[in-house]
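A.B. asks: Pasting a structure below so you can have a look.
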Amino acid sequence: MADELDLLRRANPVPAGTPHLGDGPLGPRAERHLEGLLHGPAAPDRPSRWCVRPAPRRVRVAWALAAGAVVAVTVSALLLGGPGTAPAVAAPRPLAVLADARPLPLDRLADRAERAAANGGPALRKGTHVRSWSLGMSDDAPPVALPEERVVRWTADGRHTELVVATDPRHPGRPVLGEDEDGTPRLVEDGHVISRRTHPPSWSDAPPQSPPPHDAARLRAYLEEAQHSATLDTPELLDATALLLDHWTLGARESAALTRLLADDGELRPAGRVTDRLGRPGHAYVYEGTGVRRMLIVAPATGAVLGLETTFTADRPEYGVRAGDVMEYRAWTR
């Protein structure tokens, strides 16, 4: 509830052109709006004409490139705004990695995570809190990008709530790109509620709904079942990591098992230190795939996975994509 309250307190509407919002208390109208969102009936689901959810990562490259040259036009017209329009949210820059002379290998970080777990630490919790940004498109609209924050919380009776808001952690309080009632992209206020849903009880015992194990070997089998794969290569393992963290907030033991599993894969190269998009220090580990680079960000003391970022590694001018352009990022927090 604290996470939902924090998100909804940023849902006080402001004019779309407002360049920055203050941090003062909410007025009476906003408090009434907040109470209605927290305690009133959930709004009916409304299908969107354009995609605001990341597509499966194995098809992301083709999906993003299929946008064609209109990507550049869209980024200019929709993400940056036209003349006289307050900037929305431009495509983010890739995270800057501070290269170390001797970057910490992932297996050494897994050792740290196991020692931290042996000394106690947070417990496993079903639900997630994630901020994301990704390119998206549909068959009947140009590609757009929507930064959003999602909080999923489960109750003891098997129900869960999902709150999704439009927000950009780099520019708190500033308008961001959203959509109006017919799905047309437009500027919306920071904290604009995209959806708020309550789901009936669910007691599935299949991954990723069932609790993840806390040793690396069993966790690999769990993730293979969740991904419907007999064996996980590195891209699939990173996809499975994101799937897991989109359903569970890992405890110390589960984080240690996941870090050990990622280290045992052997394909993630240590790149150096990095500060993630939520301002947290981490170590970066990189996998170079075909046309893209995947970067895993891990907490230095606990081994907890903080985020994943995917960037293009080659210019594709015919599609309006340049090397270094961010395809997507995800940042998880407790």
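Following the order of the structure tokens, first chain is A, next is B, and so on, with residues numbered from 1 inside each chain and ligands from 1 in the order they appear.
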Do you know which residues are at most 12 Å from segment 218-220 of chain A counting only C-alpha atoms, after dropping those on the same chain fewer than 6 positions away, and could you put them as a ChimeraX atom specification?

C.D. replies: /A:207-208,210-212,226-234,236-238,240-241,244,253-262,264-265

A.B. asks: Give me the residues within 9 Å of Leu306 of chain A as a list in words, counting only C-alpha atoms and dropping any in the same chain fewer than 6 places off.

C.D. replies: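 What passes the distance filter is Asp276, Arg280, Gly282, Leu296, Ile297, Val298, Ala299, Arg330, Ala331, Trp332 and Thr333 of chain A.
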
A.B. asks: Which residue, A:Gly307, A:Pro172, A:Leu278, A:Ala252, has the smallest gap to Asn119 of chain A when you use only C-alpha atoms?

C.D. replies: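 Counting only C-alpha atoms, the residue closest to Asn119 of chain A is A:Ala252.
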
A.B. asks: What does the distance from atom CA of Arg115 of chain A to atom CA of Ala216 of chain A come to in Å, to one decimal?

C.D. replies: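 Atom-to-atom, atom CA of Arg115 of chain A to atom CA of Ala216 of chain A, that is 14.9 Å.
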
A.B. asks: Among segment 156-271 of chain A, which residues does DSSP mark as helix (DSSP H, G or I) when it is run on the backbone? Keep the chain and numbering as in the structure and answer as an MDAnalysis selection string.

C.D. replies: chainID A and resid 216:227 234:245 252:265

A.B. asks: How many Å lie between atom CA of His160 of chain A and atom CA of Val193 of chain A, rounded to one decimal?

C.D. replies: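 These atoms are spaced 17.4 Å apart.
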
A.B. asks: In Å to one decimal, how far is atom CA of Pro175 of chain A from atom CA of Glu162 of chain A?

C.D. replies: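 If I compute the distance from atom CA of Glu162 of chain A to atom CA of Pro175 of chain A, I get 22.2 Å.
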
A.B. asks: From the set A:Val97, A:Val326, A:Ile194, A:Val164, which residue has the shortest atom-to-atom contact distance to Thr128 of chain A, counting only C-alpha atoms?

C.D. replies: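 Closest candidate: A:Val164.
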
A.B. asks: Can you list, as a CSV table (one decimal) with N, CA and C atoms, in the first residue's frame, every protein, DNA or RNA residue that comes within 10 Å of Leu95 of chain A when you count only C-alpha atoms, leaving out same-chain residues fewer than 5 positions away?

C.D. replies:
```csv
chain,number,residue,atom,x,y,z
A,274,VAL,N,28.5,0.9,-12.2
A,274,VAL,CA,27.5,1.7,-12.9
A,274,VAL,C,26.5,2.2,-11.8
A,275,THR,N,25.9,3.3,-12.1
A,275,THR,CA,24.8,3.8,-11.3
A,275,THR,C,23.6,3.6,-12.1
A,276,ASP,N,22.6,2.9,-11.5
A,276,ASP,CA,21.4,2.6,-12.3
A,276,ASP,C,20.5,3.8,-12.4
A,277,ARG,N,19.3,3.6,-13.0
A,277,ARG,CA,18.4,4.7,-13.3
A,277,ARG,C,17.7,5.2,-12.1
A,284,ALA,N,28.2,-3.9,-13.4
A,284,ALA,CA,27.6,-4.2,-14.7
A,284,ALA,C,28.2,-5.5,-15.3
A,295,MET,N,22.8,-5.8,-20.7
A,295,MET,CA,23.6,-5.4,-19.6
A,295,MET,C,22.8,-5.7,-18.3
A,309,GLU,N,19.3,-3.8,-19.1
A,309,GLU,CA,19.2,-2.8,-20.2
A,309,GLU,C,19.7,-3.4,-21.5
A,311,THR,N,20.6,-2.5,-25.5
A,311,THR,CA,20.9,-1.4,-26.5
A,311,THR,C,21.3,-2.0,-27.8
A,324,GLY,N,24.0,2.2,-29.8
A,324,GLY,CA,23.8,2.9,-28.5
A,324,GLY,C,22.4,3.3,-28.2
A,326,VAL,N,18.9,2.9,-26.9
A,326,VAL,CA,18.3,2.0,-25.9
A,326,VAL,C,17.0,1.4,-26.5
A,329,TYR,N,14.8,-0.8,-20.9
A,329,TYR,CA,15.4,-1.1,-19.6
A,329,TYR,C,14.3,-1.4,-18.6
```
